[in-house]
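Down below is the structure, laid out as structure tokens.
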There are 2 protein chains.
Amino acid sequence: MGKRGGSSTKGWAQEPIGALRVGTVGPIADFDPDSTPGFDGDRRLGEELLTERGEVLAGLQELLFANGRAGDHRSVLLVLQGMDTAGKGGIVRHVGGLLDPQGLSVKGFGKPSPEELSHDFLWRIRKALPPAGRIGIFDRSHYEDVLPVRVHSLVPQSEWEARYDIINRFEHELVDTGTTIVKCALVVSKDEQKTRLAERLDRPDKYWKYNPGDLDERAYWDDYREAYQAIFDRCDSDASPWYMIPANRKWFSRLAICELLIDALSGLDLHWPAAEFDVDAEKKRLAALPD
Amino acid sequence: MGKRGGSSTKGWAQEPIGALRVGTVGPIADFDPDSTPGFDGDRRLGEELLTERGEVLAGLQELLFANGRAGDHRSVLLVLQGMDTAGKGGIVRHVGGLLDPQGLSVKGFGKPSPEELSHDFLWRIRKALPPAGRIGIFDRSHYEDVLPVRVHSLVPQSEWEARYDIINRFEHELVDTGTTIVKCALVVSKDEQKTRLAERLDRPDKYWKYNPGDLDERAYWDDYREAYQAIFDRCDSDASPWYMIPANRKWFSRLAICELLIDALSGLDLHWPAAEFDVDAEKKRLAALPD
């Protein structure tokens, strides 16, 4: 290990970090949630690759964790956003599930509590940042404060307008202090969302995932699209990039995000930390001990 | 789902909860870390079963999580203790790794920080308890305060002596408020520990797991045994049971703990929560919407 994991070329005609970056894929209004940008393979290959590349990802995670133990302050943060049913939970389960739970920190951000609302909007976010050596996953994030908050005018426009710059400065600080940020917006189509909502209503084991409010949100589809486009236009940078992940094919969104994480971790150029003790002296001490 | 997952009978001559309970297996001084109490199968069957039973466990976890979302306050807490190299981290990775990270909360307890030491010993434990609907794993726990603390007399005897009762009342409270507790002591043999420590010194990718202090602790092996026996004698009850898990065969310790968790979750008699909305009315609303 320790060498760049790089991107797998198998199945990919173009590197995922290029193929999926918001600037490359163009406006969300023209984006096809059925597409598999950069990837030529089919579902079967995609699923095979997820298993194979999941091991590469887990290996890199262990390296990151080992370095964290040795005093390296770096961490990786995956930010997930997406409309209801886009599959954020599935990413946590099927990509997060490839990782060692010990080195993973998952945080979901729902409607803010009264205590959270009594602080600035980044307060609850800062508290949940991944510790050194960990991969953090945010299931929703500070971008909620410029998505539903903007769509529903939960604060005055002057307030949410100011947040784009605040977010950029916040993320700049995170990057400067050692956090590699990967931001993924899962984009599901309106008809696929309808199918997935219908499934939740058809299966008693899925009722708990259904919220009547989700239907109301569909009425704001175009407003959400505009709000998403605004975060791509204003909060995407090489240091803190946004990716659009087509989410109609779950196998693809999982594979794509796995590859984006591998790329992020590979960029840290991690090596096994040197021993902080005298290896030969310890070997002698151990050999001298009774069994 | 929703029916008791029960124990798999395949490979097991005796239910793990009976075969591994501290009262059944007898004193730790006579315990064989190479044994596989209650299990007749070999490694190959054990590994096969872990995959198969892991799916049962994950299904039960989803039920617990769904109920947590629906207002059920119950949770499950797995407490892991064990000497260095006993494989606590491996349990987090290979048993915790069977679960959805969204419904899992992992917390490791190292040497207490100055802030933690300025509070009572349960302060940091309470803060890390799993939320409703989650499975929590403690990698070390409040038992550290009667294990190394006792062995090295880090507090006066009168203080650690009092902790057994304090722990019992604390756990009683947890059980009363809806937490199912499963406590597992991973028991590795002294020679197997030596082998594992030697491996850490032979492989640069394992150096980060090695701590010269671990060798010093070996000198206290018998004192630790005594301290473990004391927690089994004083802090084991049907409501908050202790299990001794032989840890020389990693495949067995993983399978055994997976079964103990399945048993704990099955005991909650979970069913999919009823819809908190009018299913037919929602179906009609959905059907009336444009695609």
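Each chain in the structure tokens gets a letter, A, B, ..., in the order shown, and its residues are numbered from 1; ligands are numbered from 1 in order too.
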What's around range 121-123 of chain B at 10 Å? Count only C-alpha atoms, leave out sequence neighbours fewer than 6 positions away in its own chain, and write the answer as JSON, numbers by chain. {"B": [112, 141, 142, 143, 144, 145, 163, 166, 167, 170]}
Using only N, CA, C and O atoms, please write the residues we just selected to a file, as a compact mmCIF listing (two decimals), in the first residue's frame.
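And here's out.txt as it stands now:
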```txt
# COMPACT_ATOMS: atom_id res chain seq x y z
N PRO B 112 -8.28 8.14 29.63
CA PRO B 112 -9.15 9.32 29.75
C PRO B 112 -8.38 10.63 29.58
O PRO B 112 -7.23 10.73 30.00
N SER B 141 -14.54 0.23 27.72
CA SER B 141 -15.77 0.79 28.30
C SER B 141 -15.52 1.25 29.72
O SER B 141 -14.37 1.43 30.13
N HIS B 142 -16.61 1.40 30.48
CA HIS B 142 -16.50 1.75 31.90
C HIS B 142 -15.79 0.65 32.70
O HIS B 142 -15.35 0.90 33.82
N TYR B 143 -15.65 -0.54 32.13
CA TYR B 143 -14.94 -1.60 32.84
C TYR B 143 -13.43 -1.35 32.91
O TYR B 143 -12.74 -1.94 33.74
N GLU B 144 -12.93 -0.46 32.04
CA GLU B 144 -11.53 -0.06 32.18
C GLU B 144 -11.27 0.48 33.58
O GLU B 144 -10.15 0.36 34.09
N ASP B 145 -12.30 1.05 34.19
CA ASP B 145 -12.14 1.69 35.50
C ASP B 145 -12.09 0.69 36.65
O ASP B 145 -11.91 1.09 37.80
N ARG B 163 -16.87 0.85 42.69
CA ARG B 163 -17.33 0.98 41.31
C ARG B 163 -18.18 -0.20 40.82
O ARG B 163 -19.00 -0.03 39.92
N ILE B 166 -21.62 0.70 41.58
CA ILE B 166 -22.01 1.86 40.76
C ILE B 166 -22.29 1.41 39.33
O ILE B 166 -23.28 1.82 38.71
N ILE B 167 -21.44 0.54 38.81
CA ILE B 167 -21.64 0.02 37.45
C ILE B 167 -22.94 -0.78 37.37
O ILE B 167 -23.71 -0.63 36.41
N PHE B 170 -25.80 1.61 37.30
CA PHE B 170 -25.80 2.31 36.00
C PHE B 170 -26.39 1.40 34.92
O PHE B 170 -27.28 1.80 34.15
```
Among range 84-274 of chain B, which residues does DSSP mark as helix (DSSP H, G or I) when it is run on the backbone? Keep the chain and numbering as in the structure and answer as number ranges by chain. B: 88-94, 96-98, 101-103, 114-117, 123-127, 142-146, 148-151, 157-176, 190-202, 207-209, 212-218, 221-235, 250-266
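Interatomic distance, CA of Pro290 in chain A against CA of Asp222 in chain B: 13.3 Å.
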So, counting only C-alpha atoms, which residue among B:Asp202, B:Asp223, B:Asp30, B:Glu15 is closest to chain A? B:Asp202
For chain B against chain A, which residues fall within 9 Å using only C-alpha atoms, given as a PyMOL selection string? chain B and resi 1+63+66-67+69-70+89+92-94+96-102+104-108+190-194+197-198+201-202+204-212+215+218+271-277+279-280+282-283+285-287+289-291
To one decimal place, how far is CA of Ala239 in chain B from CA of Phe109 in chain B in Å?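 A separation of 23.3 Å between them.
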Using only C-alpha atoms, which of the listed residues (B:Ala230, B:Pro246, B:Gly136, B:Asp165) sits closest to Ser75 in chain B? B:Gly136
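Proximity of A:Ser118, A:Thr9, A:Ser158, A:Gln61 to Leu49 in chain A, computed with only C-alpha atoms, is greatest for A:Thr9.
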Interatomic distance between CA of Pro27 in chain B and CA of Ala227 in chain B? 11.8 Å
Tell me, which residues of range 82-237 of chain A carry DSSP strand (DSSP E or B), written as an MDAnalysis selection string? chainID A and resid 82 104:108 135:139 179:187
Nearest residue to Asp176 in chain B out of B:Trp160, B:Asp263, B:His73, B:Val146, using only C-alpha atoms?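 Ranking B:Trp160, B:Asp263, B:His73, B:Val146 by distance to Asp176 in chain B, first place goes to B:His73.
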